[in-house]
$ cat structure.cif   # mmCIF, C-alpha atoms
data_upload
loop_
_atom_site.label_atom_id
_atom_site.label_comp_id
_atom_site.auth_asym_id
_atom_site.auth_seq_id
_atom_site.Cartn_x
_atom_site.Cartn_y
_atom_site.Cartn_z
CA MET G 1 -111.86 -4.88 -11.71
CA LEU G 2 -112.94 -8.26 -13.18
CA THR G 3 -114.50 -9.19 -9.85
CA ARG G 4 -116.75 -6.13 -9.93
CA LEU G 5 -117.69 -6.82 -13.56
CA ALA G 6 -118.50 -10.43 -12.82
CA LEU G 7 -121.06 -9.34 -10.25
CA LYS G 8 -122.91 -7.38 -12.93
CA PHE G 9 -122.53 -9.56 -16.02
CA PRO G 10 -122.59 -13.28 -16.86
CA ARG G 11 -119.13 -14.74 -17.39
CA HIS G 12 -119.54 -14.87 -21.18
CA MET G 13 -120.14 -11.09 -21.19
CA VAL G 14 -117.04 -10.12 -19.18
CA PRO G 15 -114.58 -8.49 -21.61
CA GLY G 16 -111.50 -10.63 -22.11
CA ALA G 17 -112.71 -13.36 -19.73
CA ARG G 18 -111.58 -16.18 -22.05
CA ARG G 19 -108.90 -14.41 -24.03
CA ALA G 20 -105.17 -15.01 -23.59
CA VAL G 21 -102.86 -12.14 -22.71
CA SER G 22 -99.95 -11.82 -25.16
CA LEU G 23 -96.70 -9.92 -24.82
CA GLN G 24 -97.75 -7.80 -27.79
CA SER G 25 -100.91 -6.69 -25.99
CA ILE G 26 -98.89 -5.83 -22.89
CA LEU G 27 -96.54 -3.71 -24.98
CA HIS G 28 -99.36 -1.64 -26.38
CA GLY G 29 -101.55 -1.30 -23.32
CA SER G 30 -104.63 -3.05 -24.70
CA ARG G 31 -107.73 -4.08 -22.74
CA GLU G 32 -106.19 -7.52 -22.20
CA ALA G 33 -103.02 -5.98 -20.74
CA LYS G 34 -105.00 -3.83 -18.32
CA GLU G 35 -106.80 -6.95 -17.09
CA ALA G 36 -103.59 -8.99 -16.73
CA SER G 37 -102.95 -10.56 -13.36
CA GLU G 38 -100.29 -9.30 -10.98
CA HIS G 39 -98.22 -12.37 -11.85
CA GLU G 40 -98.21 -11.51 -15.56
CA ILE G 41 -97.29 -7.88 -14.82
CA TYR G 42 -94.41 -9.11 -12.66
CA GLN G 43 -93.16 -11.41 -15.41
CA HIS G 44 -93.10 -8.82 -18.19
CA SER G 45 -91.58 -6.16 -15.91
CA ARG G 46 -88.57 -8.44 -15.46
CA LEU G 47 -87.65 -7.72 -19.08
CA ILE G 48 -86.65 -4.14 -18.25
CA ALA G 49 -85.10 -4.53 -14.79
CA ARG G 50 -81.40 -4.38 -14.04
CA GLY G 51 -82.11 -7.12 -11.49
CA LYS G 52 -79.02 -6.61 -9.32
CA TYR G 53 -80.57 -4.64 -6.47
CA LEU G 54 -83.95 -4.00 -4.90
CA HIS G 55 -84.72 -0.47 -3.72
CA GLY G 56 -87.09 0.54 -0.96
CA ILE G 57 -88.63 3.99 -1.39
CA GLU G 58 -89.85 5.13 2.02
CA ILE G 59 -92.02 8.23 2.29
CA HIS G 60 -92.55 9.85 5.69
CA ARG G 61 -95.07 12.65 6.22
CA VAL G 62 -94.04 14.41 9.40
CA LYS G 63 -96.03 16.53 11.82
CA PRO G 64 -95.14 20.17 11.09
CA ASP G 65 -94.15 20.93 14.68
CA SER G 66 -91.92 17.84 14.89
CA VAL G 67 -89.62 18.24 11.88
CA LYS G 68 -86.45 19.05 13.86
CA GLU G 69 -86.93 16.14 16.24
CA TYR G 70 -87.76 13.82 13.35
CA LYS G 71 -84.53 14.67 11.51
CA LYS G 72 -82.42 13.75 14.53
CA VAL G 73 -84.17 10.42 15.09
CA ALA G 74 -84.24 9.61 11.35
CA GLU G 75 -80.48 10.07 11.12
CA GLN G 76 -79.94 7.68 14.02
CA TYR G 77 -82.25 5.09 12.47
CA TYR G 78 -80.99 5.16 8.89
CA THR G 79 -77.28 5.45 9.67
CA GLY G 80 -77.76 2.55 12.10
CA LEU G 81 -79.12 0.40 9.29
CA ARG G 82 -76.28 1.49 7.00
CA ASP G 83 -73.55 0.75 9.53
CA ASP G 84 -74.74 -2.73 10.54
CA PRO G 85 -72.72 -5.22 8.43
CA GLU G 86 -75.18 -8.03 9.09
CA LEU G 87 -78.00 -6.16 7.33
CA GLN G 88 -76.06 -5.24 4.16
CA ILE G 89 -78.32 -2.23 3.57
CA LYS G 90 -77.00 0.76 1.65
CA LEU G 91 -78.51 4.23 1.60
CA SER G 92 -79.02 5.58 -1.92
CA GLY G 93 -80.41 8.95 -0.84
CA ASN G 94 -82.25 10.74 1.94
CA PHE G 95 -84.15 13.93 1.18
CA GLU G 96 -86.57 16.56 2.42
CA ALA G 97 -89.14 18.10 0.07
CA LEU G 98 -88.75 21.79 -0.72
CA VAL G 99 -91.45 21.82 -3.41
CA GLY G 100 -94.29 19.32 -3.23
CA ASP G 101 -96.00 18.00 -0.10
CA GLN G 102 -94.36 19.91 2.73
CA ASP G 103 -92.83 18.24 5.80
CA THR G 104 -92.33 15.12 3.66
CA PHE G 105 -89.13 13.06 3.58
CA TYR G 106 -87.95 10.51 1.03
CA HIS G 107 -85.53 7.73 1.92
CA ILE G 108 -84.20 5.39 -0.80
CA LEU G 109 -82.58 2.19 0.51
CA GLU G 110 -80.69 -0.41 -1.49
CA TYR G 111 -80.91 -4.13 -0.71
CA GLU G 112 -79.03 -7.08 -2.17
CA ASN G 113 -82.13 -7.93 -4.17
CA HIS G 114 -85.12 -9.72 -2.61
CA SER G 115 -82.99 -12.10 -0.54
CA GLY G 116 -81.24 -9.10 1.00
CA LEU G 117 -84.54 -7.62 2.12
CA ASP G 118 -85.62 -11.00 3.46
CA ASN G 119 -82.40 -11.08 5.48
CA ALA G 120 -83.04 -7.60 6.91
CA TRP G 121 -86.61 -8.49 7.83
CA ARG G 122 -85.35 -11.51 9.77
CA LYS G 123 -82.68 -9.61 11.68
CA ILE G 124 -84.40 -6.29 12.54
CA PRO G 125 -87.28 -7.51 14.81
CA GLY G 126 -86.24 -7.33 18.46
CA SER G 127 -83.03 -5.43 17.63
CA GLU G 128 -81.89 -1.89 18.38
CA HIS G 129 -82.98 -1.01 14.86
CA GLU G 130 -86.57 -1.82 15.73
CA LYS G 131 -86.36 0.44 18.76
CA ALA G 132 -84.90 3.23 16.62
CA HIS G 133 -87.71 2.77 14.11
CA ASP G 134 -90.33 2.92 16.86
CA ALA G 135 -88.80 6.21 18.00
CA LEU G 136 -89.84 7.73 14.64
CA ARG G 137 -93.53 6.98 15.07
CA PRO G 138 -94.52 9.87 17.40
CA PHE G 139 -93.35 12.40 14.79
CA LEU G 140 -95.19 10.93 11.79
CA ARG G 141 -98.56 11.75 10.25
CA SER G 142 -98.30 8.84 7.81
CA ARG G 143 -95.75 6.71 6.01
CA ALA G 144 -95.59 4.54 2.91
CA VAL G 145 -93.13 2.08 1.39
CA GLN G 146 -92.67 0.84 -2.16
CA LEU G 147 -90.28 -1.82 -3.40
CA ALA G 148 -88.80 -0.81 -6.73
CA GLN G 149 -86.44 -2.12 -9.38
CA GLU G 150 -83.88 -0.11 -11.30
CA PHE G 151 -84.38 0.25 -15.01
CA ALA G 152 -81.61 -1.68 -16.77
CA PHE G 153 -80.61 1.33 -18.87
CA LEU G 154 -80.08 3.59 -15.85
CA PRO G 155 -78.29 2.18 -12.77
CA THR G 156 -78.46 4.26 -9.59
CA SER G 157 -75.62 6.73 -9.14
CA PRO G 158 -73.00 5.90 -6.47
CA PRO G 159 -72.54 8.30 -3.53
CA HIS G 160 -71.19 11.73 -4.47
CA GLU G 161 -71.35 15.37 -3.45
CA GLY G 162 -72.35 17.50 -6.42
CA GLY G 163 -74.18 20.20 -4.51
CA GLY G 164 -77.41 21.94 -5.43
CA ILE G 165 -80.89 20.47 -5.50
CA PHE G 166 -82.55 17.24 -6.60
CA GLU G 167 -85.69 16.74 -8.63
CA LEU G 168 -87.74 13.59 -8.18
CA ARG G 169 -90.17 12.98 -11.04
CA ALA G 170 -93.05 10.58 -10.29
CA TYR G 171 -95.38 9.13 -12.92
CA GLN G 172 -98.48 7.02 -12.35
CA LEU G 173 -98.74 5.00 -15.57
CA ASN G 174 -101.80 3.47 -17.14
CA PRO G 175 -101.80 -0.28 -16.38
CA GLY G 176 -100.14 -2.28 -19.14
CA THR G 177 -97.94 0.52 -20.51
CA LEU G 178 -94.69 0.03 -18.58
CA LEU G 179 -92.74 -1.58 -21.43
CA GLU G 180 -93.84 1.06 -23.88
CA TRP G 181 -92.88 3.82 -21.44
CA GLU G 182 -89.46 2.24 -20.87
CA ALA G 183 -88.74 1.81 -24.58
CA THR G 184 -89.73 5.39 -25.37
CA TRP G 185 -87.81 6.88 -22.45
CA ARG G 186 -84.70 4.77 -23.10
CA LYS G 187 -84.44 6.17 -26.62
CA GLY G 188 -85.26 9.76 -25.71
CA ILE G 189 -83.14 10.14 -22.59
CA GLU G 190 -80.00 10.74 -24.66
CA ALA G 191 -81.32 14.24 -25.38
CA ARG G 192 -81.25 14.99 -21.65
CA ARG G 193 -77.90 13.30 -21.11
CA LYS G 194 -76.27 15.86 -23.37
CA PHE G 195 -76.79 18.40 -20.58
CA VAL G 196 -77.25 16.52 -17.29
CA GLN G 197 -76.70 12.97 -16.05
CA PRO G 198 -79.69 11.34 -14.34
CA ILE G 199 -79.14 9.99 -10.83
CA GLY G 200 -81.44 6.98 -11.07
CA ALA G 201 -84.73 5.58 -12.35
CA TRP G 202 -86.99 2.98 -10.77
CA TYR G 203 -90.37 1.34 -11.26
CA ALA G 204 -92.52 0.04 -8.43
CA GLN G 205 -92.79 -3.73 -8.14
CA VAL G 206 -94.57 -3.99 -4.76
CA GLY G 207 -96.79 -1.33 -3.21
CA ARG G 208 -98.52 1.19 -5.49
CA LEU G 209 -98.00 -0.45 -8.88
CA HIS G 210 -97.55 1.14 -12.32
CA GLN G 211 -95.49 3.94 -10.78
CA VAL G 212 -92.18 5.21 -12.18
CA TYR G 213 -89.59 7.50 -10.60
CA HIS G 214 -86.50 9.22 -11.91
CA LEU G 215 -84.11 11.46 -10.02
CA TRP G 216 -82.00 14.40 -11.28
CA GLN G 217 -79.48 16.77 -9.72
CA TYR G 218 -78.98 20.44 -10.60
CA GLN G 219 -76.89 23.23 -9.19
CA SER G 220 -79.95 25.47 -8.92
CA LEU G 221 -83.49 25.98 -10.19
CA GLU G 222 -82.07 28.33 -12.83
CA THR G 223 -79.69 25.61 -14.03
CA ARG G 224 -82.59 23.17 -14.18
CA LYS G 225 -84.57 25.62 -16.32
CA GLU G 226 -81.68 26.13 -18.74
CA MET G 227 -80.92 22.43 -19.14
CA ARG G 228 -84.52 21.52 -19.76
CA GLU G 229 -84.87 24.29 -22.35
CA ASN G 230 -81.70 23.08 -24.09
CA ALA G 231 -83.08 19.53 -24.27
CA TRP G 232 -86.11 20.79 -26.20
CA GLN G 233 -83.74 21.86 -28.97
CA VAL G 234 -82.51 18.28 -29.48
CA ASP G 235 -84.28 16.19 -32.11
CA GLY G 236 -86.46 13.51 -30.57
CA TRP G 237 -86.99 15.02 -27.12
CA ALA G 238 -90.35 16.61 -27.92
CA ASP G 239 -91.56 13.28 -29.33
CA THR G 240 -90.38 11.48 -26.17
CA VAL G 241 -92.29 13.89 -23.93
CA TYR G 242 -95.43 13.63 -26.03
CA LYS G 243 -95.44 9.82 -26.13
CA THR G 244 -94.67 9.26 -22.45
CA ALA G 245 -97.26 11.84 -21.39
CA GLN G 246 -99.93 9.79 -23.18
CA LEU G 247 -99.05 6.78 -21.03
CA ALA G 248 -99.34 8.51 -17.64
CA ARG G 249 -102.38 9.21 -15.50
CA THR G 250 -100.60 11.68 -13.22
CA MET G 251 -97.18 13.36 -13.12
CA ASP G 252 -95.41 15.04 -10.21
CA SER G 253 -92.22 17.09 -9.99
CA LEU G 254 -90.73 17.36 -6.49
CA ILE G 255 -87.76 19.51 -5.55
CA LEU G 256 -85.71 17.93 -2.77
CA THR G 257 -82.77 18.87 -0.61
CA PRO G 258 -80.47 16.17 0.78
CA LEU G 259 -80.30 15.47 4.50
CA PRO G 260 -76.86 15.72 6.17
CA PHE G 261 -76.36 11.94 6.20
CA SER G 262 -77.51 11.35 2.61
CA PRO G 263 -74.83 9.70 0.42
CA LEU G 264 -76.07 11.85 -2.47
CA LYS G 265 -75.51 15.57 -1.85
#
$ encode --input "structure.cif" --output "structure tokens"
Amino acid sequence: MLTRLALKFPRHMVPGARRAVSLQSILHGSREAKEASEHEIYQHSRLIARGKYLHGIEIHRVKPDSVKEYKKVAEQYYTGLRDDPELQIKLSGNFEALVGDQDTFYHILEYENHSGLDNAWRKIPGSEHEKAHDALRPFLRSRAVQLAQEFAFLPTSPPHEGGGIFELRAYQLNPGTLLEWEATWRKGIEARRKFVQPIGAWYAQVGRLHQVYHLWQYQSLETRKEMRENAWQVDGWADTVYKTAQLARTMDSLILTPLPFSPLK
């Protein structure tokens, strides 16, 4: 953004060109925060991270006539990663979208932080895992990967079989508002916990930045409706929704079903 402005204005006219970025401005999403460098964003995001694991969120958009074949090859690829002790990769969840972009699959992988991903990147090239990954390509329309950190207040759920459906909520935040979003959500989430336990919550650290995810599990759409309506009766939830909505550019609600090999079912 500053580069484009600099082409149009002298340096002394570029907003914030000579002003320091403070933690207070980052907290409140000021002009200075929005113009902060990626390094500064990375530093302040560390304040809210659990820091134990790094999660890869892989999104595959599959050709409609290739879904069945894709599922077979995807299971071979992801279970192969999981079962290789040298990689130390865990699967957090593997899902297919029921509501949202159709023929889209979400795979959440857990690494032993950044060094764990570095280790996997060194070992996969030239291996059977690379061949299994290449076997996915003919079935894909597009794919994307984000590296995300867990929020410290909400560690990812361990494997379990609770049945039902999953809801993945995705928020594209305004730059510079992550800490404010986290503080507001951390206080307000207790209203939801009275009725349902969240599965996990992450924020993107590499890839599309300023993006937040949280994952929920319900027995049915009807159960989801009832639990959400009950939360509105708890003091503080309406205020949480109002405040966090002001910090987001876009919001998506995706209904997912787990794949047979997903550790979360």
$ atom_distance --input "structure.cif" --atom1 "atom CA of Ile89 of chain G" --atom2 "atom CA of Gln219 of chain G"
28.5 Å
$ resolve_selection --input "structure.cif" --expression "the PyMOL selection byres ((chain G and resi 134) around 12)" --output "PDB file with C-alpha atoms, keeping the file's coordinate frame"
ATOM      1  CA  TYR G  70     -87.760  13.820  13.350  1.00  0.00           C
ATOM      2  CA  VAL G  73     -84.170  10.420  15.090  1.00  0.00           C
ATOM      3  CA  ALA G  74     -84.240   9.610  11.350  1.00  0.00           C
ATOM      4  CA  GLN G  76     -79.940   7.680  14.020  1.00  0.00           C
ATOM      5  CA  TYR G  77     -82.250   5.090  12.470  1.00  0.00           C
ATOM      6  CA  ILE G 124     -84.400  -6.290  12.540  1.00  0.00           C
ATOM      7  CA  PRO G 125     -87.280  -7.510  14.810  1.00  0.00           C
ATOM      8  CA  GLY G 126     -86.240  -7.330  18.460  1.00  0.00           C
ATOM      9  CA  SER G 127     -83.030  -5.430  17.630  1.00  0.00           C
ATOM     10  CA  GLU G 128     -81.890  -1.890  18.380  1.00  0.00           C
ATOM     11  CA  HIS G 129     -82.980  -1.010  14.860  1.00  0.00           C
ATOM     12  CA  GLU G 130     -86.570  -1.820  15.730  1.00  0.00           C
ATOM     13  CA  LYS G 131     -86.360   0.440  18.760  1.00  0.00           C
ATOM     14  CA  ALA G 132     -84.900   3.230  16.620  1.00  0.00           C
ATOM     15  CA  HIS G 133     -87.710   2.770  14.110  1.00  0.00           C
ATOM     16  CA  ALA G 135     -88.800   6.210  18.000  1.00  0.00           C
ATOM     17  CA  LEU G 136     -89.840   7.730  14.640  1.00  0.00           C
ATOM     18  CA  ARG G 137     -93.530   6.980  15.070  1.00  0.00           C
ATOM     19  CA  PRO G 138     -94.520   9.870  17.400  1.00  0.00           C
ATOM     20  CA  PHE G 139     -93.350  12.400  14.790  1.00  0.00           C
ATOM     21  CA  LEU G 140     -95.190  10.930  11.790  1.00  0.00           C
TER      22      LEU G 140
END
$ resolve_selection --input "structure.cif" --expression "the PyMOL selection byres ((chain G and resi 202) around 7)" --output "number ranges by chain"
G: 148-151, 200-201, 203-204, 212-214
$ atom_distance --input "structure.cif" --atom1 "atom CA of Asp235 of chain G" --atom2 "atom CA of Ala183 of chain G"
16.8 Å
$ atom_distance --input "structure.cif" --atom1 "atom CA of Ile189 of chain G" --atom2 "atom CA of Thr223 of chain G"
18.0 Å
$ resolve_selection --input "structure.cif" --expression "the PyMOL selection byres ((chain G and resi 98) around 6)" --output "PyMOL selection string"
chain G and resi 97+99+255-256
$ residues_near_point --input "structure.cif" --point "(-97.9, 8.6, -26.9)" --cutoff "12 Å" --atoms "all atoms listed in the file" --output "tab-separated table (two decimals) with C-alpha atoms, in the coordinates of the input"
chain	number	residue	atom	x	y	z
G	28	HIS	CA	-99.36	-1.64	-26.38
G	29	GLY	CA	-101.55	-1.30	-23.32
G	173	LEU	CA	-98.74	5.00	-15.57
G	174	ASN	CA	-101.80	3.47	-17.14
G	177	THR	CA	-97.94	0.52	-20.51
G	180	GLU	CA	-93.84	1.06	-23.88
G	181	TRP	CA	-92.88	3.82	-21.44
G	183	ALA	CA	-88.74	1.81	-24.58
G	184	THR	CA	-89.73	5.39	-25.37
G	185	TRP	CA	-87.81	6.88	-22.45
G	238	ALA	CA	-90.35	16.61	-27.92
G	239	ASP	CA	-91.56	13.28	-29.33
G	240	THR	CA	-90.38	11.48	-26.17
G	241	VAL	CA	-92.29	13.89	-23.93
G	242	TYR	CA	-95.43	13.63	-26.03
G	243	LYS	CA	-95.44	9.82	-26.13
G	244	THR	CA	-94.67	9.26	-22.45
G	245	ALA	CA	-97.26	11.84	-21.39
G	246	GLN	CA	-99.93	9.79	-23.18
G	247	LEU	CA	-99.05	6.78	-21.03
G	248	ALA	CA	-99.34	8.51	-17.64
$ residues_around --input "structure.cif" --residues "Leu147 of chain G" --least-positions-apart "2" --cutoff "8 Å" --atoms "only C-alpha atoms" --output "PDB file with C-alpha atoms, in the frame of the given file"
ATOM      1  CA  LEU G  54     -83.950  -4.000  -4.900  1.00  0.00           C
ATOM      2  CA  HIS G  55     -84.720  -0.470  -3.720  1.00  0.00           C
ATOM      3  CA  GLY G  56     -87.090   0.540  -0.960  1.00  0.00           C
ATOM      4  CA  ILE G  57     -88.630   3.990  -1.390  1.00  0.00           C
ATOM      5  CA  VAL G 145     -93.130   2.080   1.390  1.00  0.00           C
ATOM      6  CA  GLN G 149     -86.440  -2.120  -9.380  1.00  0.00           C
ATOM      7  CA  ALA G 204     -92.520   0.040  -8.430  1.00  0.00           C
ATOM      8  CA  GLN G 205     -92.790  -3.730  -8.140  1.00  0.00           C
ATOM      9  CA  VAL G 206     -94.570  -3.990  -4.760  1.00  0.00           C
ATOM     10  CA  GLY G 207     -96.790  -1.330  -3.210  1.00  0.00           C
TER      11      GLY G 207
END
$ decode --input "structure.cif" --residues "segment 68-166 of chain G" --atoms "C-alpha atoms" --output "short mmCIF file (atom, residue, chain, number, x, y, z; two decimals), in the first residue's frame"
data_model
loop_
_atom_site.label_atom_id
_atom_site.label_comp_id
_atom_site.auth_asym_id
_atom_site.auth_seq_id
_atom_site.Cartn_x
_atom_site.Cartn_y
_atom_site.Cartn_z
CA LYS G 68 -14.76 -40.26 -5.75
CA GLU G 69 -11.30 -40.80 -7.21
CA TYR G 70 -9.94 -37.84 -5.25
CA LYS G 71 -11.19 -39.24 -1.94
CA LYS G 72 -9.36 -42.52 -2.49
CA VAL G 73 -6.08 -40.87 -3.42
CA ALA G 74 -6.37 -38.26 -0.65
CA GLU G 75 -6.77 -40.99 1.96
CA GLN G 76 -3.63 -42.72 0.71
CA TYR G 77 -1.66 -39.47 0.76
CA TYR G 78 -2.72 -38.12 4.15
CA THR G 79 -2.66 -41.43 6.04
CA GLY G 80 0.80 -41.99 4.55
CA LEU G 81 2.01 -38.73 6.04
CA ARG G 82 0.39 -39.60 9.38
CA ASP G 83 1.91 -43.07 9.55
CA ASP G 84 5.50 -42.09 8.71
CA PRO G 85 7.34 -41.69 12.06
CA GLU G 86 10.14 -39.69 10.47
CA LEU G 87 7.75 -36.89 9.46
CA GLN G 88 6.02 -36.50 12.85
CA ILE G 89 2.90 -35.10 11.18
CA LYS G 90 -0.47 -35.49 12.86
CA LEU G 91 -3.85 -35.09 11.21
CA SER G 92 -6.18 -32.77 13.11
CA GLY G 93 -9.14 -33.15 10.76
CA ASN G 94 -10.10 -33.96 7.18
CA PHE G 95 -13.43 -32.76 5.84
CA GLU G 96 -15.67 -32.33 2.81
CA ALA G 97 -17.90 -29.27 2.47
CA LEU G 98 -21.65 -29.84 2.58
CA VAL G 99 -22.54 -26.14 2.67
CA GLY G 100 -20.18 -23.61 1.11
CA ASP G 101 -18.07 -24.07 -2.01
CA GLN G 102 -19.03 -27.50 -3.30
CA ASP G 103 -16.50 -30.23 -4.14
CA THR G 104 -14.12 -28.56 -1.67
CA PHE G 105 -12.07 -30.43 0.93
CA TYR G 106 -10.33 -29.11 4.04
CA HIS G 107 -7.33 -30.87 5.58
CA ILE G 108 -5.83 -29.62 8.86
CA LEU G 109 -2.34 -30.95 9.63
CA GLU G 110 -0.37 -30.51 12.84
CA TYR G 111 3.41 -30.04 12.85
CA GLU G 112 5.87 -29.86 15.73
CA ASN G 113 6.02 -26.11 15.23
CA HIS G 114 8.08 -24.51 12.45
CA SER G 115 11.02 -26.89 12.86
CA GLY G 116 8.65 -29.81 12.37
CA LEU G 117 7.45 -28.41 9.06
CA ASP G 118 11.04 -27.74 8.02
CA ASN G 119 11.79 -31.39 8.77
CA ALA G 120 8.86 -32.58 6.65
CA TRP G 121 9.86 -30.35 3.76
CA ARG G 122 13.35 -31.86 3.80
CA LYS G 123 12.16 -35.46 3.87
CA ILE G 124 9.18 -35.46 1.46
CA PRO G 125 10.91 -34.52 -1.86
CA GLY G 126 11.83 -37.66 -3.80
CA SER G 127 9.87 -39.91 -1.42
CA GLU G 128 6.73 -42.00 -1.86
CA HIS G 129 4.84 -39.13 -0.25
CA GLU G 130 5.76 -36.86 -3.14
CA LYS G 131 4.47 -39.44 -5.60
CA ALA G 132 1.22 -39.76 -3.63
CA HIS G 133 0.86 -35.98 -3.64
CA ASP G 134 1.43 -35.83 -7.39
CA ALA G 135 -1.35 -38.39 -7.81
CA LEU G 136 -3.80 -35.82 -6.40
CA ARG G 137 -3.08 -33.20 -9.05
CA PRO G 138 -5.21 -34.58 -11.94
CA PHE G 139 -8.34 -34.33 -9.78
CA LEU G 140 -7.85 -30.73 -8.59
CA ARG G 141 -9.19 -27.44 -9.92
CA SER G 142 -7.09 -25.44 -7.45
CA ARG G 143 -5.49 -25.72 -4.03
CA ALA G 144 -4.31 -23.38 -1.30
CA VAL G 145 -2.31 -23.70 1.92
CA GLN G 146 -2.13 -21.50 5.01
CA LEU G 147 0.13 -21.90 8.02
CA ALA G 148 -1.75 -21.09 11.19
CA GLN G 149 -1.18 -20.86 14.92
CA GLU G 150 -3.58 -21.95 17.63
CA PHE G 151 -5.01 -19.29 19.87
CA ALA G 152 -3.58 -19.80 23.36
CA PHE G 153 -7.04 -19.84 24.96
CA LEU G 154 -8.32 -22.65 22.72
CA PRO G 155 -6.02 -25.64 22.00
CA THR G 156 -7.10 -27.99 19.22
CA SER G 157 -9.25 -30.91 20.34
CA PRO G 158 -7.61 -34.37 20.35
CA PRO G 159 -9.04 -37.11 18.10
CA HIS G 160 -12.56 -38.24 19.02
CA GLU G 161 -15.75 -39.56 17.49
CA GLY G 162 -18.67 -37.39 18.52
CA GLY G 163 -20.77 -37.84 15.40
CA GLY G 164 -22.80 -35.24 13.55
CA ILE G 165 -21.52 -32.31 11.54
CA PHE G 166 -18.79 -29.69 11.83
#
